[in-house]
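upload11.cif (mmCIF, N, CA and C atoms) appears below.
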```cif
data_final
#
loop_
_atom_site.label_atom_id
_atom_site.label_comp_id
_atom_site.auth_asym_id
_atom_site.auth_seq_id
_atom_site.Cartn_x
_atom_site.Cartn_y
_atom_site.Cartn_z
N GLN A 1 0.82 -1.20 0.00
CA GLN A 1 0.00 0.00 0.00
C GLN A 1 0.86 1.25 0.00
N LYS A 2 1.95 1.25 0.74
CA LYS A 2 2.84 2.42 0.75
C LYS A 2 3.39 2.69 -0.65
N GLN A 3 3.67 1.63 -1.42
CA GLN A 3 4.16 1.80 -2.78
C GLN A 3 3.14 2.55 -3.63
N SER A 4 1.84 2.21 -3.48
CA SER A 4 0.83 2.89 -4.29
C SER A 4 0.73 4.37 -3.90
N GLN A 5 0.91 4.68 -2.60
CA GLN A 5 0.91 6.08 -2.19
C GLN A 5 2.10 6.81 -2.82
N GLN A 6 3.25 6.17 -2.84
CA GLN A 6 4.43 6.80 -3.40
C GLN A 6 4.23 7.12 -4.87
N GLN A 7 3.56 6.28 -5.62
CA GLN A 7 3.35 6.50 -7.04
C GLN A 7 2.42 7.69 -7.28
N GLN A 8 1.67 8.08 -6.28
CA GLN A 8 0.71 9.16 -6.46
C GLN A 8 1.28 10.55 -6.16
N CYS A 9 2.55 10.64 -5.86
CA CYS A 9 3.15 11.92 -5.51
C CYS A 9 3.32 12.80 -6.75
N ARG A 10 2.43 13.76 -6.91
CA ARG A 10 2.48 14.67 -8.06
C ARG A 10 2.61 16.10 -7.55
N ILE A 11 3.67 16.77 -7.98
CA ILE A 11 3.95 18.12 -7.53
C ILE A 11 3.80 19.08 -8.70
N LEU A 12 2.95 20.07 -8.51
CA LEU A 12 2.72 21.10 -9.52
C LEU A 12 3.43 22.36 -9.04
N VAL A 13 4.28 22.92 -9.89
CA VAL A 13 4.99 24.16 -9.56
C VAL A 13 4.57 25.22 -10.57
N VAL A 14 3.97 26.28 -10.08
CA VAL A 14 3.52 27.36 -10.96
C VAL A 14 4.72 28.19 -11.40
N ASP A 15 4.83 28.36 -12.69
CA ASP A 15 5.87 29.19 -13.30
C ASP A 15 5.18 30.42 -13.88
N ARG A 16 5.44 31.58 -13.31
CA ARG A 16 4.78 32.82 -13.75
C ARG A 16 5.61 33.55 -14.81
N ARG A 17 6.37 32.82 -15.61
CA ARG A 17 7.20 33.48 -16.63
C ARG A 17 6.36 34.26 -17.64
N ASP A 18 5.08 33.93 -17.73
CA ASP A 18 4.18 34.61 -18.66
C ASP A 18 3.47 35.80 -18.01
N ALA A 19 3.81 36.11 -16.76
CA ALA A 19 3.17 37.20 -16.03
C ALA A 19 4.10 38.42 -15.97
N LYS A 20 3.54 39.53 -15.58
CA LYS A 20 4.33 40.77 -15.50
C LYS A 20 4.95 40.96 -14.11
N SER A 21 4.52 40.15 -13.15
CA SER A 21 5.05 40.30 -11.79
C SER A 21 5.01 38.96 -11.05
N ARG A 22 5.74 38.91 -9.98
CA ARG A 22 5.84 37.77 -9.08
C ARG A 22 6.32 36.48 -9.73
N MET A 23 6.99 36.61 -10.88
CA MET A 23 7.70 35.44 -11.41
C MET A 23 8.92 35.25 -10.51
N LEU A 24 9.48 34.06 -10.49
CA LEU A 24 10.62 33.79 -9.62
C LEU A 24 11.92 33.96 -10.38
N HIS A 25 12.81 34.84 -9.85
CA HIS A 25 14.15 34.99 -10.44
C HIS A 25 14.86 33.65 -10.50
N ASN A 26 14.64 32.84 -9.48
CA ASN A 26 15.38 31.60 -9.32
C ASN A 26 14.50 30.36 -9.54
N HIS A 27 13.56 30.44 -10.46
CA HIS A 27 12.66 29.32 -10.73
C HIS A 27 13.44 28.07 -11.17
N ALA A 28 14.39 28.21 -12.09
CA ALA A 28 15.14 27.05 -12.58
C ALA A 28 15.91 26.38 -11.44
N LYS A 29 16.50 27.18 -10.57
CA LYS A 29 17.24 26.62 -9.43
C LYS A 29 16.27 25.94 -8.46
N LEU A 30 15.10 26.53 -8.25
CA LEU A 30 14.09 25.92 -7.40
C LEU A 30 13.71 24.54 -7.94
N MET A 31 13.45 24.45 -9.25
CA MET A 31 13.06 23.17 -9.85
C MET A 31 14.18 22.14 -9.70
N ALA A 32 15.41 22.54 -9.99
CA ALA A 32 16.53 21.61 -9.88
C ALA A 32 16.69 21.11 -8.45
N THR A 33 16.54 22.00 -7.50
CA THR A 33 16.69 21.63 -6.09
C THR A 33 15.55 20.72 -5.65
N LEU A 34 14.33 21.03 -6.04
CA LEU A 34 13.20 20.17 -5.69
C LEU A 34 13.41 18.76 -6.25
N ARG A 35 13.83 18.69 -7.51
CA ARG A 35 14.04 17.38 -8.14
C ARG A 35 15.14 16.58 -7.44
N SER A 36 16.16 17.26 -6.94
CA SER A 36 17.26 16.53 -6.29
C SER A 36 16.98 16.23 -4.82
N GLU A 37 16.17 17.05 -4.17
CA GLU A 37 15.96 16.91 -2.72
C GLU A 37 14.70 16.12 -2.34
N LEU A 38 13.72 16.09 -3.21
CA LEU A 38 12.47 15.41 -2.86
C LEU A 38 12.52 13.96 -3.33
N PRO A 39 11.67 13.12 -2.78
CA PRO A 39 11.71 11.69 -3.13
C PRO A 39 11.60 11.45 -4.64
N THR A 40 12.27 10.39 -5.08
CA THR A 40 12.30 10.08 -6.51
C THR A 40 10.95 9.61 -7.04
N HIS A 41 10.04 9.20 -6.15
CA HIS A 41 8.72 8.77 -6.62
C HIS A 41 7.79 9.95 -6.92
N CYS A 42 8.27 11.15 -6.76
CA CYS A 42 7.47 12.34 -7.07
C CYS A 42 7.68 12.75 -8.53
N SER A 43 6.59 13.08 -9.19
CA SER A 43 6.69 13.64 -10.54
C SER A 43 6.38 15.14 -10.44
N PHE A 44 6.95 15.89 -11.37
CA PHE A 44 6.82 17.35 -11.34
C PHE A 44 6.14 17.84 -12.61
N PHE A 45 5.29 18.84 -12.44
CA PHE A 45 4.63 19.49 -13.57
C PHE A 45 4.81 20.98 -13.41
N GLU A 46 5.48 21.61 -14.38
CA GLU A 46 5.64 23.07 -14.35
C GLU A 46 4.44 23.68 -15.06
N PHE A 47 3.67 24.44 -14.30
CA PHE A 47 2.40 25.00 -14.74
C PHE A 47 2.61 26.42 -15.26
N VAL A 48 2.37 26.63 -16.55
CA VAL A 48 2.39 27.97 -17.14
C VAL A 48 0.97 28.19 -17.66
N GLY A 49 0.22 28.99 -16.94
CA GLY A 49 -1.21 29.14 -17.21
C GLY A 49 -1.56 29.50 -18.63
N SER A 50 -0.79 30.38 -19.26
CA SER A 50 -1.12 30.83 -20.62
C SER A 50 -0.94 29.74 -21.66
N LYS A 51 -0.27 28.65 -21.30
CA LYS A 51 -0.01 27.57 -22.25
C LYS A 51 -1.07 26.46 -22.18
N LEU A 52 -2.02 26.59 -21.25
CA LEU A 52 -2.99 25.54 -21.02
C LEU A 52 -4.42 26.04 -21.18
N SER A 53 -5.31 25.16 -21.63
CA SER A 53 -6.73 25.50 -21.67
C SER A 53 -7.26 25.51 -20.24
N LEU A 54 -8.44 26.06 -20.06
CA LEU A 54 -9.06 26.09 -18.74
C LEU A 54 -9.22 24.66 -18.20
N GLU A 55 -9.64 23.74 -19.05
CA GLU A 55 -9.82 22.35 -18.63
C GLU A 55 -8.49 21.73 -18.20
N GLN A 56 -7.42 22.03 -18.92
CA GLN A 56 -6.10 21.50 -18.57
C GLN A 56 -5.61 22.09 -17.24
N GLN A 57 -5.90 23.36 -17.02
CA GLN A 57 -5.50 24.00 -15.77
C GLN A 57 -6.21 23.35 -14.58
N ILE A 58 -7.51 23.15 -14.71
CA ILE A 58 -8.28 22.51 -13.65
C ILE A 58 -7.77 21.10 -13.40
N ALA A 59 -7.56 20.34 -14.47
CA ALA A 59 -7.08 18.95 -14.34
C ALA A 59 -5.72 18.91 -13.66
N ALA A 60 -4.85 19.87 -13.96
CA ALA A 60 -3.52 19.90 -13.35
C ALA A 60 -3.62 20.07 -11.84
N PHE A 61 -4.46 20.97 -11.39
CA PHE A 61 -4.62 21.18 -9.95
C PHE A 61 -5.35 20.01 -9.30
N LEU A 62 -6.32 19.46 -9.99
CA LEU A 62 -7.07 18.32 -9.45
C LEU A 62 -6.16 17.12 -9.20
N SER A 63 -5.17 16.93 -10.05
CA SER A 63 -4.29 15.75 -9.92
C SER A 63 -3.08 16.00 -9.02
N ALA A 64 -2.90 17.22 -8.54
CA ALA A 64 -1.71 17.55 -7.74
C ALA A 64 -1.89 17.15 -6.28
N ASP A 65 -0.82 16.59 -5.72
CA ASP A 65 -0.76 16.32 -4.28
C ASP A 65 -0.18 17.51 -3.55
N LEU A 66 0.66 18.26 -4.25
CA LEU A 66 1.31 19.44 -3.68
C LEU A 66 1.44 20.49 -4.78
N VAL A 67 1.01 21.71 -4.46
CA VAL A 67 1.18 22.84 -5.37
C VAL A 67 2.13 23.82 -4.71
N ILE A 68 3.10 24.29 -5.48
CA ILE A 68 4.05 25.32 -5.03
C ILE A 68 3.88 26.48 -5.99
N ALA A 69 3.52 27.66 -5.46
CA ALA A 69 3.20 28.76 -6.36
C ALA A 69 3.47 30.12 -5.72
N PRO A 70 3.99 31.04 -6.52
CA PRO A 70 4.03 32.43 -6.05
C PRO A 70 2.60 32.95 -5.93
N HIS A 71 2.41 33.91 -5.05
CA HIS A 71 1.10 34.55 -4.91
C HIS A 71 0.63 35.01 -6.28
N GLY A 72 -0.58 34.64 -6.65
CA GLY A 72 -1.13 35.05 -7.94
C GLY A 72 -2.40 34.30 -8.27
N ALA A 73 -3.00 34.69 -9.39
CA ALA A 73 -4.31 34.18 -9.78
C ALA A 73 -4.36 32.67 -9.93
N ALA A 74 -3.27 32.03 -10.32
CA ALA A 74 -3.29 30.57 -10.50
C ALA A 74 -3.68 29.86 -9.21
N LEU A 75 -3.40 30.46 -8.07
CA LEU A 75 -3.76 29.84 -6.80
C LEU A 75 -5.28 29.75 -6.63
N GLY A 76 -6.03 30.47 -7.45
CA GLY A 76 -7.48 30.34 -7.42
C GLY A 76 -7.94 28.93 -7.76
N PHE A 77 -7.10 28.20 -8.47
CA PHE A 77 -7.44 26.83 -8.85
C PHE A 77 -7.31 25.84 -7.69
N ILE A 78 -6.81 26.26 -6.53
CA ILE A 78 -6.69 25.32 -5.42
C ILE A 78 -8.06 24.80 -4.98
N GLY A 79 -9.10 25.51 -5.31
CA GLY A 79 -10.46 25.03 -5.01
C GLY A 79 -10.80 23.74 -5.72
N PHE A 80 -10.05 23.39 -6.75
CA PHE A 80 -10.27 22.13 -7.48
C PHE A 80 -9.42 20.98 -6.94
N MET A 81 -8.55 21.27 -5.98
CA MET A 81 -7.67 20.22 -5.45
C MET A 81 -8.45 19.28 -4.53
N ARG A 82 -7.93 18.06 -4.39
CA ARG A 82 -8.54 17.08 -3.51
C ARG A 82 -8.30 17.46 -2.05
N PRO A 83 -9.30 17.29 -1.19
CA PRO A 83 -9.08 17.54 0.24
C PRO A 83 -7.89 16.72 0.74
N GLY A 84 -7.07 17.33 1.58
CA GLY A 84 -5.89 16.67 2.11
C GLY A 84 -4.62 16.97 1.34
N ALA A 85 -4.75 17.50 0.12
CA ALA A 85 -3.56 17.90 -0.65
C ALA A 85 -2.96 19.14 0.03
N ALA A 86 -1.81 19.58 -0.46
CA ALA A 86 -1.10 20.67 0.20
C ALA A 86 -0.73 21.78 -0.79
N VAL A 87 -0.63 22.99 -0.25
CA VAL A 87 -0.27 24.18 -1.02
C VAL A 87 0.85 24.91 -0.29
N ILE A 88 1.89 25.29 -1.04
CA ILE A 88 2.91 26.19 -0.52
C ILE A 88 2.81 27.47 -1.33
N GLU A 89 2.41 28.54 -0.69
CA GLU A 89 2.33 29.84 -1.36
C GLU A 89 3.60 30.63 -1.07
N ILE A 90 4.18 31.17 -2.12
CA ILE A 90 5.37 32.01 -1.98
C ILE A 90 4.88 33.46 -2.00
N THR A 91 5.05 34.13 -0.90
CA THR A 91 4.55 35.49 -0.78
C THR A 91 5.70 36.47 -0.58
N TYR A 92 5.39 37.69 -0.25
CA TYR A 92 6.35 38.78 -0.14
C TYR A 92 5.98 39.64 1.05
N ILE A 93 6.87 40.51 1.43
CA ILE A 93 6.59 41.43 2.53
C ILE A 93 5.89 42.67 1.97
N PHE A 94 4.77 43.02 2.59
CA PHE A 94 3.97 44.18 2.17
C PHE A 94 3.64 44.99 3.41
N GLN A 95 4.07 46.23 3.45
CA GLN A 95 3.85 47.13 4.59
C GLN A 95 4.25 46.47 5.90
N GLY A 96 5.42 45.82 5.88
CA GLY A 96 5.97 45.24 7.09
C GLY A 96 5.39 43.89 7.48
N LYS A 97 4.44 43.38 6.70
CA LYS A 97 3.83 42.08 7.01
C LYS A 97 3.89 41.20 5.77
N THR A 98 3.57 39.92 5.95
CA THR A 98 3.51 39.05 4.78
C THR A 98 2.38 39.52 3.88
N GLY A 99 2.55 39.27 2.58
CA GLY A 99 1.56 39.71 1.58
C GLY A 99 0.17 39.18 1.88
N PRO A 100 -0.78 39.51 1.04
CA PRO A 100 -2.18 39.13 1.29
C PRO A 100 -2.34 37.61 1.43
N LEU A 101 -3.12 37.23 2.41
CA LEU A 101 -3.31 35.80 2.70
C LEU A 101 -4.67 35.29 2.24
N ILE A 102 -5.15 35.80 1.12
CA ILE A 102 -6.47 35.40 0.65
C ILE A 102 -6.55 33.92 0.30
N PHE A 103 -5.45 33.33 -0.10
CA PHE A 103 -5.50 31.91 -0.48
C PHE A 103 -5.44 30.99 0.73
N PHE A 104 -5.05 31.52 1.90
CA PHE A 104 -5.10 30.73 3.12
C PHE A 104 -6.55 30.34 3.42
N ALA A 105 -7.45 31.31 3.33
CA ALA A 105 -8.87 31.03 3.59
C ALA A 105 -9.43 30.05 2.55
N ALA A 106 -9.03 30.22 1.30
CA ALA A 106 -9.49 29.30 0.25
C ALA A 106 -8.99 27.89 0.52
N ALA A 107 -7.74 27.77 0.96
CA ALA A 107 -7.18 26.45 1.28
C ALA A 107 -7.94 25.81 2.43
N GLN A 108 -8.24 26.58 3.45
CA GLN A 108 -9.00 26.04 4.58
C GLN A 108 -10.38 25.57 4.13
N SER A 109 -11.05 26.35 3.31
CA SER A 109 -12.38 25.97 2.82
C SER A 109 -12.34 24.68 2.01
N ALA A 110 -11.25 24.50 1.26
CA ALA A 110 -11.11 23.30 0.42
C ALA A 110 -10.49 22.12 1.18
N LYS A 111 -10.25 22.31 2.50
CA LYS A 111 -9.65 21.27 3.34
C LYS A 111 -8.26 20.86 2.86
N LEU A 112 -7.49 21.87 2.49
CA LEU A 112 -6.10 21.66 2.06
C LEU A 112 -5.16 22.03 3.20
N ARG A 113 -3.97 21.48 3.16
CA ARG A 113 -2.92 21.87 4.11
C ARG A 113 -2.17 23.04 3.47
N TYR A 114 -2.04 24.13 4.20
CA TYR A 114 -1.49 25.37 3.64
C TYR A 114 -0.17 25.71 4.34
N TYR A 115 0.82 26.04 3.53
CA TYR A 115 2.13 26.47 4.03
C TYR A 115 2.48 27.79 3.34
N LEU A 116 3.24 28.62 4.03
CA LEU A 116 3.60 29.92 3.50
C LEU A 116 5.12 30.07 3.55
N SER A 117 5.69 30.51 2.44
CA SER A 117 7.12 30.80 2.37
C SER A 117 7.27 32.25 1.91
N VAL A 118 8.04 33.01 2.66
CA VAL A 118 8.25 34.42 2.32
C VAL A 118 9.48 34.53 1.42
N ALA A 119 9.30 35.18 0.28
CA ALA A 119 10.40 35.38 -0.67
C ALA A 119 11.53 36.18 -0.02
N LEU A 120 12.75 35.92 -0.46
CA LEU A 120 13.91 36.65 0.06
C LEU A 120 13.92 38.10 -0.40
N SER A 121 13.34 38.35 -1.58
CA SER A 121 13.23 39.71 -2.10
C SER A 121 12.09 39.78 -3.10
N GLY A 122 11.67 40.99 -3.37
CA GLY A 122 10.61 41.23 -4.33
C GLY A 122 9.34 41.70 -3.66
N LYS A 123 8.42 42.16 -4.49
CA LYS A 123 7.12 42.64 -3.99
C LYS A 123 6.06 42.34 -5.04
N HIS A 124 4.85 42.78 -4.78
CA HIS A 124 3.71 42.45 -5.64
C HIS A 124 3.95 42.80 -7.10
N SER A 125 4.61 43.90 -7.37
CA SER A 125 4.76 44.38 -8.75
C SER A 125 6.09 44.00 -9.40
N THR A 126 6.90 43.18 -8.71
CA THR A 126 8.22 42.81 -9.26
C THR A 126 8.39 41.30 -9.24
N ALA A 127 9.52 40.86 -9.73
CA ALA A 127 9.87 39.44 -9.61
C ALA A 127 10.23 39.15 -8.16
N LEU A 128 10.12 37.89 -7.77
CA LEU A 128 10.45 37.44 -6.42
C LEU A 128 11.67 36.53 -6.47
N THR A 129 12.40 36.47 -5.37
CA THR A 129 13.47 35.49 -5.21
C THR A 129 13.01 34.52 -4.14
N ALA A 130 12.73 33.29 -4.54
CA ALA A 130 12.22 32.28 -3.61
C ALA A 130 13.29 31.88 -2.60
N ASP A 131 12.84 31.58 -1.39
CA ASP A 131 13.71 31.03 -0.34
C ASP A 131 13.71 29.51 -0.54
N ILE A 132 14.62 29.05 -1.37
CA ILE A 132 14.61 27.64 -1.80
C ILE A 132 14.75 26.68 -0.63
N PRO A 133 15.69 26.88 0.31
CA PRO A 133 15.76 25.93 1.44
C PRO A 133 14.45 25.86 2.23
N ASP A 134 13.79 26.98 2.42
CA ASP A 134 12.52 27.00 3.13
C ASP A 134 11.46 26.21 2.37
N ILE A 135 11.38 26.42 1.07
CA ILE A 135 10.38 25.72 0.26
C ILE A 135 10.64 24.22 0.27
N VAL A 136 11.89 23.81 0.17
CA VAL A 136 12.22 22.38 0.21
C VAL A 136 11.80 21.78 1.56
N THR A 137 12.10 22.49 2.65
CA THR A 137 11.71 22.02 3.98
C THR A 137 10.19 21.87 4.08
N LEU A 138 9.46 22.87 3.61
CA LEU A 138 8.00 22.82 3.66
C LEU A 138 7.46 21.69 2.78
N ALA A 139 8.05 21.51 1.60
CA ALA A 139 7.60 20.45 0.70
C ALA A 139 7.82 19.07 1.33
N LYS A 140 8.97 18.87 1.95
CA LYS A 140 9.24 17.60 2.63
C LYS A 140 8.22 17.37 3.75
N ARG A 141 7.94 18.41 4.51
CA ARG A 141 6.95 18.30 5.59
C ARG A 141 5.58 17.97 5.03
N ALA A 142 5.20 18.64 3.95
CA ALA A 142 3.88 18.39 3.35
C ALA A 142 3.77 16.95 2.84
N LEU A 143 4.82 16.46 2.21
CA LEU A 143 4.80 15.09 1.68
C LEU A 143 4.80 14.06 2.80
N LEU A 144 5.55 14.29 3.86
CA LEU A 144 5.56 13.35 5.00
C LEU A 144 4.20 13.30 5.66
N THR A 145 3.60 14.46 5.85
CA THR A 145 2.28 14.53 6.48
C THR A 145 1.25 13.81 5.64
N GLN A 146 1.39 13.90 4.33
CA GLN A 146 0.45 13.27 3.41
C GLN A 146 0.51 11.75 3.48
N GLU A 147 1.70 11.22 3.70
CA GLU A 147 1.87 9.77 3.69
C GLU A 147 1.40 9.13 4.99
N HIS A 148 1.09 9.92 6.00
CA HIS A 148 0.65 9.34 7.28
C HIS A 148 -0.82 9.52 7.49
#
```
Structure translated into structure tokens:
Amino acid sequence: QKQSQQQQCRILVVDRRDAKSRMLHNHAKLMATLRSELPTHCSFFEFVGSKLSLEQQIAAFLSADLVIAPHGAALGFIGFMRPGAAVIEITYIFQGKTGPLIFFAAAQSAKLRYYLSVALSGKHSTALTADIPDIVTLAKRALLTQEH
């Protein structure tokens, strides 16, 4: 049974390269690190919203066990995720506090496990620099919690 759970590990990482803001300066390094640090039974899907139909976008979130995404509209699709799945939102500092937490409430409503990682730099209108070690730690925690 544990083997079947391992085969179901699907990680969706939102790539905002098609957006004007909150794309990750270090997206390629994040992907390389996730692939090397997370279990080998996990598959990865890089989500670029403009390249997918609405149906494909919904299906991608529906099949994900873990979504990692910078704050942005794509996180609206977490409502289609299965209860018990996990979300890591990459946010920024805004007026001395973490950016808007609107997707936290959406995650709670959808019965998802929600994690927050604050970018090392950037703001709502600029690119962000992800805190890769923090995201890897959160992803490992989310995957361990899921398997139990």
DSSP-assigned strand (DSSP E) members of stretch 5-128 of chain A, reported as a ChimeraX atom specification: /A:10-14,43-47,66-70,86-91,93-94,97-98,113-118
Explicit residue set for the PyMOL selection byres ((chain A and resi 47) around 8), as a ChimeraX atom specification: /A:11-17,44-46,48-52,60
Run the PyMOL selection byres ((chain A and resi 109-116) around 5) against the file shown and list the residues it catches, as a PDB file with N, CA and C atoms, in the frame of the given file.
```pdb
ATOM      1  N   PRO A  83      -9.300  17.290  -1.190  1.00  0.00           N
ATOM      2  CA  PRO A  83      -9.080  17.540   0.240  1.00  0.00           C
ATOM      3  C   PRO A  83      -7.890  16.720   0.740  1.00  0.00           C
ATOM      4  N   GLY A  84      -7.070  17.330   1.580  1.00  0.00           N
ATOM      5  CA  GLY A  84      -5.890  16.670   2.110  1.00  0.00           C
ATOM      6  C   GLY A  84      -4.620  16.970   1.340  1.00  0.00           C
ATOM      7  N   ALA A  85      -4.750  17.500   0.120  1.00  0.00           N
ATOM      8  CA  ALA A  85      -3.560  17.900  -0.650  1.00  0.00           C
ATOM      9  C   ALA A  85      -2.960  19.140   0.030  1.00  0.00           C
ATOM     10  N   ALA A  86      -1.810  19.580  -0.460  1.00  0.00           N
ATOM     11  CA  ALA A  86      -1.100  20.670   0.200  1.00  0.00           C
ATOM     12  C   ALA A  86      -0.730  21.780  -0.790  1.00  0.00           C
ATOM     13  N   VAL A  87      -0.630  22.990  -0.250  1.00  0.00           N
ATOM     14  CA  VAL A  87      -0.270  24.180  -1.020  1.00  0.00           C
ATOM     15  C   VAL A  87       0.850  24.910  -0.290  1.00  0.00           C
ATOM     16  N   ILE A  88       1.890  25.290  -1.040  1.00  0.00           N
ATOM     17  CA  ILE A  88       2.910  26.190  -0.520  1.00  0.00           C
ATOM     18  C   ILE A  88       2.810  27.470  -1.330  1.00  0.00           C
ATOM     19  N   GLU A  89       2.410  28.540  -0.690  1.00  0.00           N
ATOM     20  CA  GLU A  89       2.330  29.840  -1.360  1.00  0.00           C
ATOM     21  C   GLU A  89       3.600  30.630  -1.070  1.00  0.00           C
ATOM     22  N   ALA A 105      -7.450  31.310   3.330  1.00  0.00           N
ATOM     23  CA  ALA A 105      -8.870  31.030   3.590  1.00  0.00           C
ATOM     24  C   ALA A 105      -9.430  30.050   2.550  1.00  0.00           C
ATOM     25  N   ALA A 106      -9.030  30.220   1.300  1.00  0.00           N
ATOM     26  CA  ALA A 106      -9.490  29.300   0.250  1.00  0.00           C
ATOM     27  C   ALA A 106      -8.990  27.890   0.520  1.00  0.00           C
ATOM     28  N   ALA A 107      -7.740  27.770   0.960  1.00  0.00           N
ATOM     29  CA  ALA A 107      -7.180  26.450   1.280  1.00  0.00           C
ATOM     30  C   ALA A 107      -7.940  25.810   2.430  1.00  0.00           C
ATOM     31  N   GLN A 108      -8.240  26.580   3.450  1.00  0.00           N
ATOM     32  CA  GLN A 108      -9.000  26.040   4.580  1.00  0.00           C
ATOM     33  C   GLN A 108     -10.380  25.570   4.130  1.00  0.00           C
ATOM     34  N   SER A 117       5.690  30.510   2.440  1.00  0.00           N
ATOM     35  CA  SER A 117       7.120  30.800   2.370  1.00  0.00           C
ATOM     36  C   SER A 117       7.270  32.250   1.910  1.00  0.00           C
ATOM     37  N   VAL A 118       8.040  33.010   2.660  1.00  0.00           N
ATOM     38  CA  VAL A 118       8.250  34.420   2.320  1.00  0.00           C
ATOM     39  C   VAL A 118       9.480  34.530   1.420  1.00  0.00           C
TER      40      VAL A 118
END
```
Residue with smallest distance to A:Ser63 - pool A:His124, A:Arg10, A:Arg141, A:His41, counting only N, CA and C atoms: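 Closest to A:Ser63 of all the choices is A:Arg10.
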For A:Gly122, the nearest of the candidates A:Ile93, A:Ala69, A:Leu138, A:Met81, counting all atoms listed in the file: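 Result for the nearest residue to A:Gly122: A:Ile93.
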Picked residues, the PyMOL selection byres ((chain A and resi 121) around 7), as a PyMOL selection string: chain A and resi 92-93+118-120+122-123+127-131
Coordinates-based distance that separates atom CA of A:Phe77 from atom CA of A:Phe61 (Å, one decimal):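 Pair atom CA of A:Phe61 / atom CA of A:Phe77 returns 6.4 Å.
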Atom-to-atom span, atom CA of A:Thr91 and atom N of A:Lys140, Å: 17.4 Å
Closest of A:Leu38, A:Asp18, A:Gly99, A:Arg82 to A:Asp65 - atom-to-atom distances counting all atoms listed in the file: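 Ranked by minimum distance to A:Asp65, first place goes to A:Arg82.
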d(atom CA of A:Ala64, atom CA of A:Cys42) in Å: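 Interatomic distance here is 10.6 Å.
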Given only C-alpha atoms as the counted atoms, nearest of A:Gln95, A:Ser21, A:Ser36, A:Thr137 to A:Pro70: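 Nearest to A:Pro70: A:Ser21.
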DSSP-assigned alpha helix (DSSP H) members of chain A, reported as an NGL selection string: :A and (2-7 or 27-37 or 54-62 or 102-109 or 132-147)
